Amino acid sequence: MHNSEWDSVLQYISDPADLPSPHAERPVAEMTGITSVHPQYPPQQMMTPPSSERSSPPDPLRPGSPDNAQGNTIVSVSTTFYPGANLLPIAPDVILLASDGVFFYVHTTQVLSMSSNQFNGLLPSNMGDINKNDELGTVVPLPEVATVLNVILHAVYEISCAHYHPSIDTLIAAVDAMPTYGLSPKEHVAPSKPLYSLILNQAPMRPIVVYALAASHDLYDLAVPVSSHLLSFALHSLTDELAVRIGPVYIKRLFFLHLGRLDALKRLLLPPPHPHPPTGNCDFTEQKKLTRAWALASAYLAWDARPDLSTSAMESALCPLADHLTCHICKRSLADRVKQLIVQWSVVKRSI
């Protein structure tokens, strides 16, 4: 092949290191052009995110684009909340400006309908009370970064932001900021809402911080499934900061979950295999050997018991007892007892 032909092939080949991770947080804005921006709202460049179902703002860098005309300024605008997004039948009437310079075009009616304090008093019902920038319209600067504000606004509009792959830290920051703007975490992190599933799907990676989030906002429906991932959590490693954030009620529930499972395990391990009527090869004296062996093995399990003890660990500790038995009836009794124990342990409550 000629060099020119190879070039046409190689231009489509990228270094794997340059490809985004499937779990990496995606950018929430892309560059676009607007008619001169006031100096107090400096633009900031961000990478172009993946395409979404809705149409994206026009590419300002494309030759002939109206946004590339002389006198326009390139700024970062949300790829979901931009002037032509058509999220509602009416046009957006206010711009929320993130602390990192990303513009979010939203509807006052939608935001105020979800907020109990007029979005922290920043969006009065009479929009004439807000100072307007002559060039941009109504601009309200906020302290949140774009990724956090993006999650908050998706919750306000009751749409999913899963395609942005927000990190668990971003999700937590967004939920923590909701009360400031008069948004109820209980309403927006309910099981029927997209944000609930998004947080719950990431809970296994950092269950204690998600549990702390649920506890701090009394999100019981979120705390229950998350607590099942905390059976292996060492309670003594709980920091003072997390303990304060979780609060006494949910700490008690977590401790009782661990202690309750340990008590249940000890209670289930206590009964030995059922004895059988004496036979010519196995009398009560012989059967006492199995009872003593069971007591030793169960004591070993109970001594080092953990709330997340697996059924395979139980089988590894108890099934080898059959190797020292000669009576087939005793072996069958032992096998039945181990099966019964595993079934009983599997139904012990695994969440708060």
# chains A, B, ... in the order shown; residues from 1 in each chain; ligands from 1
$ select_by_dssp --residues "segment 79-230 of chain A" --states "alpha helix (DSSP H)" --output "JSON, numbers by chain"
{"A": [108, 109, 110, 111, 112, 113, 114, 118, 119, 120, 121, 146, 147, 148, 149, 150, 151, 152, 153, 154, 155, 156, 168, 169, 170, 171, 172, 173, 174, 175, 176, 177, 185, 186, 187, 188, 194, 195, 196, 197, 198, 199, 200, 201, 202, 207, 208, 209, 210, 211, 212, 213, 214, 215, 216, 220, 221, 222, 223, 224, 225, 226, 227]}
$ write_last_selection --atoms "C-alpha atoms" --output "short mmCIF file (atom, residue, chain, number, x, y, z; two decimals), in the first residue's frame"
data_model
loop_
_atom_site.label_atom_id
_atom_site.label_comp_id
_atom_site.auth_asym_id
_atom_site.auth_seq_id
_atom_site.Cartn_x
_atom_site.Cartn_y
_atom_site.Cartn_z
CA THR A 108 -37.74 29.16 36.06
CA THR A 109 -41.14 27.46 36.24
CA GLN A 110 -39.61 23.97 36.41
CA VAL A 111 -36.97 24.89 38.98
CA LEU A 112 -39.40 26.78 41.24
CA SER A 113 -41.94 23.95 41.06
CA MET A 114 -39.36 21.62 42.63
CA GLN A 118 -37.00 29.65 45.47
CA PHE A 119 -33.73 27.87 44.75
CA ASN A 120 -32.05 29.31 47.84
CA GLY A 121 -33.66 32.67 47.12
CA ALA A 146 -20.62 21.78 36.57
CA THR A 147 -20.62 18.03 37.24
CA VAL A 148 -22.49 18.50 40.53
CA LEU A 149 -24.91 21.08 39.14
CA ASN A 150 -25.57 18.78 36.20
CA VAL A 151 -26.79 16.01 38.53
CA ILE A 152 -28.94 18.45 40.52
CA LEU A 153 -30.65 19.81 37.42
CA HIS A 154 -31.27 16.33 36.01
CA ALA A 155 -33.05 15.58 39.28
CA VAL A 156 -35.05 18.80 39.00
CA ILE A 168 -19.99 8.48 43.50
CA ASP A 169 -18.33 11.61 44.94
CA THR A 170 -20.21 13.76 42.43
CA LEU A 171 -23.50 12.07 43.27
CA ILE A 172 -22.93 12.52 46.99
CA ALA A 173 -22.03 16.19 46.56
CA ALA A 174 -25.18 16.73 44.49
CA VAL A 175 -27.48 15.12 47.05
CA ASP A 176 -25.81 17.03 49.89
CA ALA A 177 -26.38 20.31 48.00
CA PRO A 185 -33.38 14.32 48.86
CA LYS A 186 -36.20 12.01 50.01
CA GLU A 187 -38.20 12.97 46.94
CA HIS A 188 -35.37 12.88 44.39
CA PRO A 194 -33.31 7.66 38.23
CA LEU A 195 -30.89 9.10 40.80
CA TYR A 196 -31.72 6.30 43.26
CA SER A 197 -30.65 3.58 40.83
CA LEU A 198 -27.55 5.51 39.87
CA ILE A 199 -26.37 5.76 43.47
CA LEU A 200 -27.35 2.21 44.38
CA ASN A 201 -25.42 0.78 41.41
CA GLN A 202 -22.21 2.37 42.71
CA PRO A 207 -20.79 1.19 50.73
CA ILE A 208 -19.95 3.02 53.95
CA VAL A 209 -19.95 6.49 52.34
CA VAL A 210 -23.22 5.74 50.53
CA TYR A 211 -24.71 4.46 53.79
CA ALA A 212 -23.55 7.68 55.48
CA LEU A 213 -25.22 9.68 52.71
CA ALA A 214 -28.48 7.79 53.16
CA ALA A 215 -28.31 8.15 56.93
CA SER A 216 -27.58 11.88 56.89
CA TYR A 220 -34.18 4.59 54.59
CA ASP A 221 -35.10 2.99 51.25
CA LEU A 222 -31.50 3.53 50.12
CA ALA A 223 -29.85 2.61 53.44
CA VAL A 224 -31.51 -0.83 53.57
CA PRO A 225 -30.01 -2.34 50.38
CA VAL A 226 -26.69 -0.55 50.93
CA SER A 227 -26.35 -2.04 54.42
#
$ select_by_dssp --residues "segment 125-286 of chain A" --states "strand (DSSP E or B)" --output "VMD selection string"
chain A and resid 132 to 133 137 to 141
$ closest_atom_pairs --of "segment 300-346 of chain A" --to "segment 257-280 of chain A" --cutoff "10 Å" --atoms "only C-alpha atoms" --output "tab-separated table"
residue	atom	partner	partner_atom	distance
A:Leu301	CA	A:Leu269	CA	8.5
A:Ala302	CA	A:Lys266	CA	5.8
A:Trp303	CA	A:Lys266	CA	9.2
A:Ala305	CA	A:Leu262	CA	6.7
A:Arg306	CA	A:Leu262	CA	6.7
A:Pro307	CA	A:Arg261	CA	5.6
A:Asp308	CA	A:Arg261	CA	8.6
A:Leu309	CA	A:Leu265	CA	9.0
A:Met314	CA	A:Leu269	CA	9.8
A:Cys327	CA	A:Thr279	CA	9.3
A:Ile329	CA	A:His276	CA	7.5
A:Cys330	CA	A:Pro275	CA	7.5
A:Lys331	CA	A:Pro273	CA	9.6
A:Arg332	CA	A:Pro273	CA	9.5
A:Ser333	CA	A:Pro273	CA	5.9
A:Leu334	CA	A:Pro273	CA	5.5
A:Ala335	CA	A:Pro273	CA	8.6
A:Asp336	CA	A:Pro273	CA	7.9
A:Arg337	CA	A:Pro273	CA	5.5
A:Val338	CA	A:Pro273	CA	8.4
A:Gln340	CA	A:Leu268	CA	9.4
A:Leu341	CA	A:Leu268	CA	6.6
A:Ile342	CA	A:Leu268	CA	9.4
A:Gln344	CA	A:Leu268	CA	7.4
A:Trp345	CA	A:Leu265	CA	6.9
$ residues_around --residues "Glu25 of chain A" --least-positions-apart "5" --cutoff "6 Å" --atoms "only C-alpha atoms" --output "short mmCIF file (atom, residue, chain, number, x, y, z; two decimals) with all heavy atoms, in the first residue's frame"
data_model
loop_
_atom_site.label_atom_id
_atom_site.label_comp_id
_atom_site.auth_asym_id
_atom_site.auth_seq_id
_atom_site.Cartn_x
_atom_site.Cartn_y
_atom_site.Cartn_z
N HIS A 165 -22.05 9.17 33.42
CA HIS A 165 -21.27 8.34 34.34
C HIS A 165 -20.72 9.16 35.50
O HIS A 165 -19.50 9.16 35.76
CB HIS A 165 -20.10 7.66 33.60
CG HIS A 165 -20.53 6.70 32.56
ND1 HIS A 165 -19.67 6.10 31.68
CD2 HIS A 165 -21.76 6.23 32.22
CE1 HIS A 165 -20.33 5.30 30.86
NE2 HIS A 165 -21.59 5.37 31.17
N PRO A 166 -21.56 9.88 36.24
CA PRO A 166 -21.04 10.66 37.37
C PRO A 166 -20.43 9.75 38.43
O PRO A 166 -20.94 8.65 38.69
CB PRO A 166 -22.28 11.38 37.90
CG PRO A 166 -23.43 10.55 37.44
CD PRO A 166 -23.02 9.96 36.13
N SER A 167 -19.35 10.20 39.03
CA SER A 167 -18.70 9.42 40.07
C SER A 167 -19.54 9.44 41.33
O SER A 167 -20.44 10.27 41.50
CB SER A 167 -17.31 9.99 40.36
OG SER A 167 -17.42 11.27 40.96
#
$ closest_residue --among "A:Leu238, A:Val145, A:Ala322, A:Leu290" --to "Ile251 of chain A" --atoms "only C-alpha atoms"
A:Leu238
$ decode --residues "segment 265-278 of chain A" --atoms "all heavy atoms" --output "PDB file, in the first residue's frame"
ATOM      1  N   LEU A 265     -25.888 -16.750  64.311  1.00  0.00           N
ATOM      2  CA  LEU A 265     -24.947 -17.803  63.914  1.00  0.00           C
ATOM      3  C   LEU A 265     -24.623 -18.724  65.088  1.00  0.00           C
ATOM      4  O   LEU A 265     -24.635 -19.954  64.943  1.00  0.00           O
ATOM      5  CB  LEU A 265     -23.661 -17.165  63.379  1.00  0.00           C
ATOM      6  CG  LEU A 265     -22.541 -18.121  62.998  1.00  0.00           C
ATOM      7  CD1 LEU A 265     -22.990 -19.054  61.877  1.00  0.00           C
ATOM      8  CD2 LEU A 265     -21.287 -17.351  62.585  1.00  0.00           C
ATOM      9  N   LYS A 266     -24.339 -18.141  66.234  1.00  0.00           N
ATOM     10  CA  LYS A 266     -24.021 -18.965  67.417  1.00  0.00           C
ATOM     11  C   LYS A 266     -25.209 -19.831  67.816  1.00  0.00           C
ATOM     12  O   LYS A 266     -25.046 -20.992  68.217  1.00  0.00           O
ATOM     13  CB  LYS A 266     -23.602 -18.055  68.567  1.00  0.00           C
ATOM     14  CG  LYS A 266     -22.305 -17.304  68.306  1.00  0.00           C
ATOM     15  CD  LYS A 266     -22.002 -16.311  69.414  1.00  0.00           C
ATOM     16  CE  LYS A 266     -20.725 -15.520  69.099  1.00  0.00           C
ATOM     17  NZ  LYS A 266     -20.427 -14.508  70.156  1.00  0.00           N
ATOM     18  N   ARG A 267     -26.380 -19.259  67.691  1.00  0.00           N
ATOM     19  CA  ARG A 267     -27.587 -20.012  68.051  1.00  0.00           C
ATOM     20  C   ARG A 267     -27.820 -21.167  67.080  1.00  0.00           C
ATOM     21  O   ARG A 267     -28.224 -22.271  67.478  1.00  0.00           O
ATOM     22  CB  ARG A 267     -28.774 -19.053  68.066  1.00  0.00           C
ATOM     23  CG  ARG A 267     -30.054 -19.640  68.626  1.00  0.00           C
ATOM     24  CD  ARG A 267     -31.105 -18.560  68.860  1.00  0.00           C
ATOM     25  NE  ARG A 267     -31.430 -17.832  67.631  1.00  0.00           N
ATOM     26  CZ  ARG A 267     -31.058 -16.582  67.377  1.00  0.00           C
ATOM     27  NH1 ARG A 267     -30.322 -15.917  68.254  1.00  0.00           N
ATOM     28  NH2 ARG A 267     -31.411 -15.996  66.243  1.00  0.00           N
ATOM     29  N   LEU A 268     -27.556 -20.948  65.808  1.00  0.00           N
ATOM     30  CA  LEU A 268     -27.761 -21.992  64.801  1.00  0.00           C
ATOM     31  C   LEU A 268     -26.720 -23.099  64.898  1.00  0.00           C
ATOM     32  O   LEU A 268     -27.005 -24.271  64.578  1.00  0.00           O
ATOM     33  CB  LEU A 268     -27.724 -21.376  63.405  1.00  0.00           C
ATOM     34  CG  LEU A 268     -28.850 -20.392  63.049  1.00  0.00           C
ATOM     35  CD1 LEU A 268     -28.610 -19.770  61.675  1.00  0.00           C
ATOM     36  CD2 LEU A 268     -30.205 -21.081  63.088  1.00  0.00           C
ATOM     37  N   LEU A 269     -25.507 -22.745  65.305  1.00  0.00           N
ATOM     38  CA  LEU A 269     -24.436 -23.737  65.397  1.00  0.00           C
ATOM     39  C   LEU A 269     -24.583 -24.666  66.594  1.00  0.00           C
ATOM     40  O   LEU A 269     -24.011 -25.764  66.606  1.00  0.00           O
ATOM     41  CB  LEU A 269     -23.079 -23.029  65.485  1.00  0.00           C
ATOM     42  CG  LEU A 269     -22.537 -22.403  64.192  1.00  0.00           C
ATOM     43  CD1 LEU A 269     -21.320 -21.539  64.509  1.00  0.00           C
ATOM     44  CD2 LEU A 269     -22.169 -23.485  63.189  1.00  0.00           C
ATOM     45  N   LEU A 270     -25.312 -24.250  67.589  1.00  0.00           N
ATOM     46  CA  LEU A 270     -25.353 -24.977  68.867  1.00  0.00           C
ATOM     47  C   LEU A 270     -25.872 -26.413  68.763  1.00  0.00           C
ATOM     48  O   LEU A 270     -25.208 -27.347  69.242  1.00  0.00           O
ATOM     49  CB  LEU A 270     -26.169 -24.179  69.876  1.00  0.00           C
ATOM     50  CG  LEU A 270     -26.128 -24.674  71.320  1.00  0.00           C
ATOM     51  CD1 LEU A 270     -24.690 -24.674  71.847  1.00  0.00           C
ATOM     52  CD2 LEU A 270     -27.024 -23.812  72.206  1.00  0.00           C
ATOM     53  N   PRO A 271     -27.013 -26.689  68.137  1.00  0.00           N
ATOM     54  CA  PRO A 271     -27.526 -28.074  68.125  1.00  0.00           C
ATOM     55  C   PRO A 271     -26.630 -29.002  67.292  1.00  0.00           C
ATOM     56  O   PRO A 271     -26.320 -28.691  66.136  1.00  0.00           O
ATOM     57  CB  PRO A 271     -28.914 -27.942  67.489  1.00  0.00           C
ATOM     58  CG  PRO A 271     -29.269 -26.492  67.619  1.00  0.00           C
ATOM     59  CD  PRO A 271     -27.979 -25.756  67.524  1.00  0.00           C
ATOM     60  N   PRO A 272     -26.230 -30.154  67.837  1.00  0.00           N
ATOM     61  CA  PRO A 272     -25.414 -31.111  67.085  1.00  0.00           C
ATOM     62  C   PRO A 272     -26.306 -31.950  66.162  1.00  0.00           C
ATOM     63  O   PRO A 272     -27.528 -31.858  66.215  1.00  0.00           O
ATOM     64  CB  PRO A 272     -24.793 -31.977  68.184  1.00  0.00           C
ATOM     65  CG  PRO A 272     -25.810 -31.958  69.278  1.00  0.00           C
ATOM     66  CD  PRO A 272     -26.453 -30.606  69.229  1.00  0.00           C
ATOM     67  N   PRO A 273     -25.716 -32.770  65.321  1.00  0.00           N
ATOM     68  CA  PRO A 273     -26.528 -33.670  64.482  1.00  0.00           C
ATOM     69  C   PRO A 273     -27.395 -34.583  65.345  1.00  0.00           C
ATOM     70  O   PRO A 273     -27.005 -34.965  66.460  1.00  0.00           O
ATOM     71  CB  PRO A 273     -25.479 -34.472  63.707  1.00  0.00           C
ATOM     72  CG  PRO A 273     -24.262 -33.601  63.704  1.00  0.00           C
ATOM     73  CD  PRO A 273     -24.277 -32.869  65.002  1.00  0.00           C
ATOM     74  N   HIS A 274     -28.569 -34.941  64.821  1.00  0.00           N
ATOM     75  CA  HIS A 274     -29.484 -35.780  65.594  1.00  0.00           C
ATOM     76  C   HIS A 274     -28.902 -37.188  65.750  1.00  0.00           C
ATOM     77  O   HIS A 274     -28.401 -37.773  64.783  1.00  0.00           O
ATOM     78  CB  HIS A 274     -30.844 -35.865  64.902  1.00  0.00           C
ATOM     79  CG  HIS A 274     -31.594 -34.567  64.901  1.00  0.00           C
ATOM     80  ND1 HIS A 274     -32.047 -33.964  66.051  1.00  0.00           N
ATOM     81  CD2 HIS A 274     -31.957 -33.752  63.873  1.00  0.00           C
ATOM     82  CE1 HIS A 274     -32.666 -32.835  65.747  1.00  0.00           C
ATOM     83  NE2 HIS A 274     -32.616 -32.686  64.422  1.00  0.00           N
ATOM     84  N   PRO A 275     -28.987 -37.744  66.973  1.00  0.00           N
ATOM     85  CA  PRO A 275     -28.519 -39.137  67.160  1.00  0.00           C
ATOM     86  C   PRO A 275     -29.526 -40.122  66.549  1.00  0.00           C
ATOM     87  O   PRO A 275     -30.662 -39.761  66.254  1.00  0.00           O
ATOM     88  CB  PRO A 275     -28.479 -39.271  68.682  1.00  0.00           C
ATOM     89  CG  PRO A 275     -29.474 -38.278  69.191  1.00  0.00           C
ATOM     90  CD  PRO A 275     -29.453 -37.129  68.229  1.00  0.00           C
ATOM     91  N   HIS A 276     -29.069 -41.316  66.346  1.00  0.00           N
ATOM     92  CA  HIS A 276     -29.943 -42.354  65.798  1.00  0.00           C
ATOM     93  C   HIS A 276     -29.982 -43.531  66.771  1.00  0.00           C
ATOM     94  O   HIS A 276     -29.126 -43.656  67.657  1.00  0.00           O
ATOM     95  CB  HIS A 276     -29.441 -42.804  64.415  1.00  0.00           C
ATOM     96  CG  HIS A 276     -28.059 -43.404  64.450  1.00  0.00           C
ATOM     97  ND1 HIS A 276     -27.825 -44.718  64.805  1.00  0.00           N
ATOM     98  CD2 HIS A 276     -26.845 -42.857  64.154  1.00  0.00           C
ATOM     99  CE1 HIS A 276     -26.532 -44.963  64.740  1.00  0.00           C
ATOM    100  NE2 HIS A 276     -25.903 -43.844  64.344  1.00  0.00           N
ATOM    101  N   PRO A 277     -30.950 -44.412  66.636  1.00  0.00           N
ATOM    102  CA  PRO A 277     -31.007 -45.568  67.546  1.00  0.00           C
ATOM    103  C   PRO A 277     -29.728 -46.394  67.436  1.00  0.00           C
ATOM    104  O   PRO A 277     -29.117 -46.484  66.367  1.00  0.00           O
ATOM    105  CB  PRO A 277     -32.215 -46.357  67.033  1.00  0.00           C
ATOM    106  CG  PRO A 277     -33.049 -45.341  66.321  1.00  0.00           C
ATOM    107  CD  PRO A 277     -32.093 -44.383  65.727  1.00  0.00           C
ATOM    108  N   PRO A 278     -29.300 -46.961  68.565  1.00  0.00           N
ATOM    109  CA  PRO A 278     -28.052 -47.747  68.547  1.00  0.00           C
ATOM    110  C   PRO A 278     -28.141 -48.914  67.556  1.00  0.00           C
ATOM    111  O   PRO A 278     -29.190 -49.519  67.365  1.00  0.00           O
ATOM    112  CB  PRO A 278     -27.939 -48.259  69.987  1.00  0.00           C
ATOM    113  CG  PRO A 278     -28.790 -47.346  70.795  1.00  0.00           C
ATOM    114  CD  PRO A 278     -29.903 -46.918  69.903  1.00  0.00           C
TER     115      PRO A 278
END
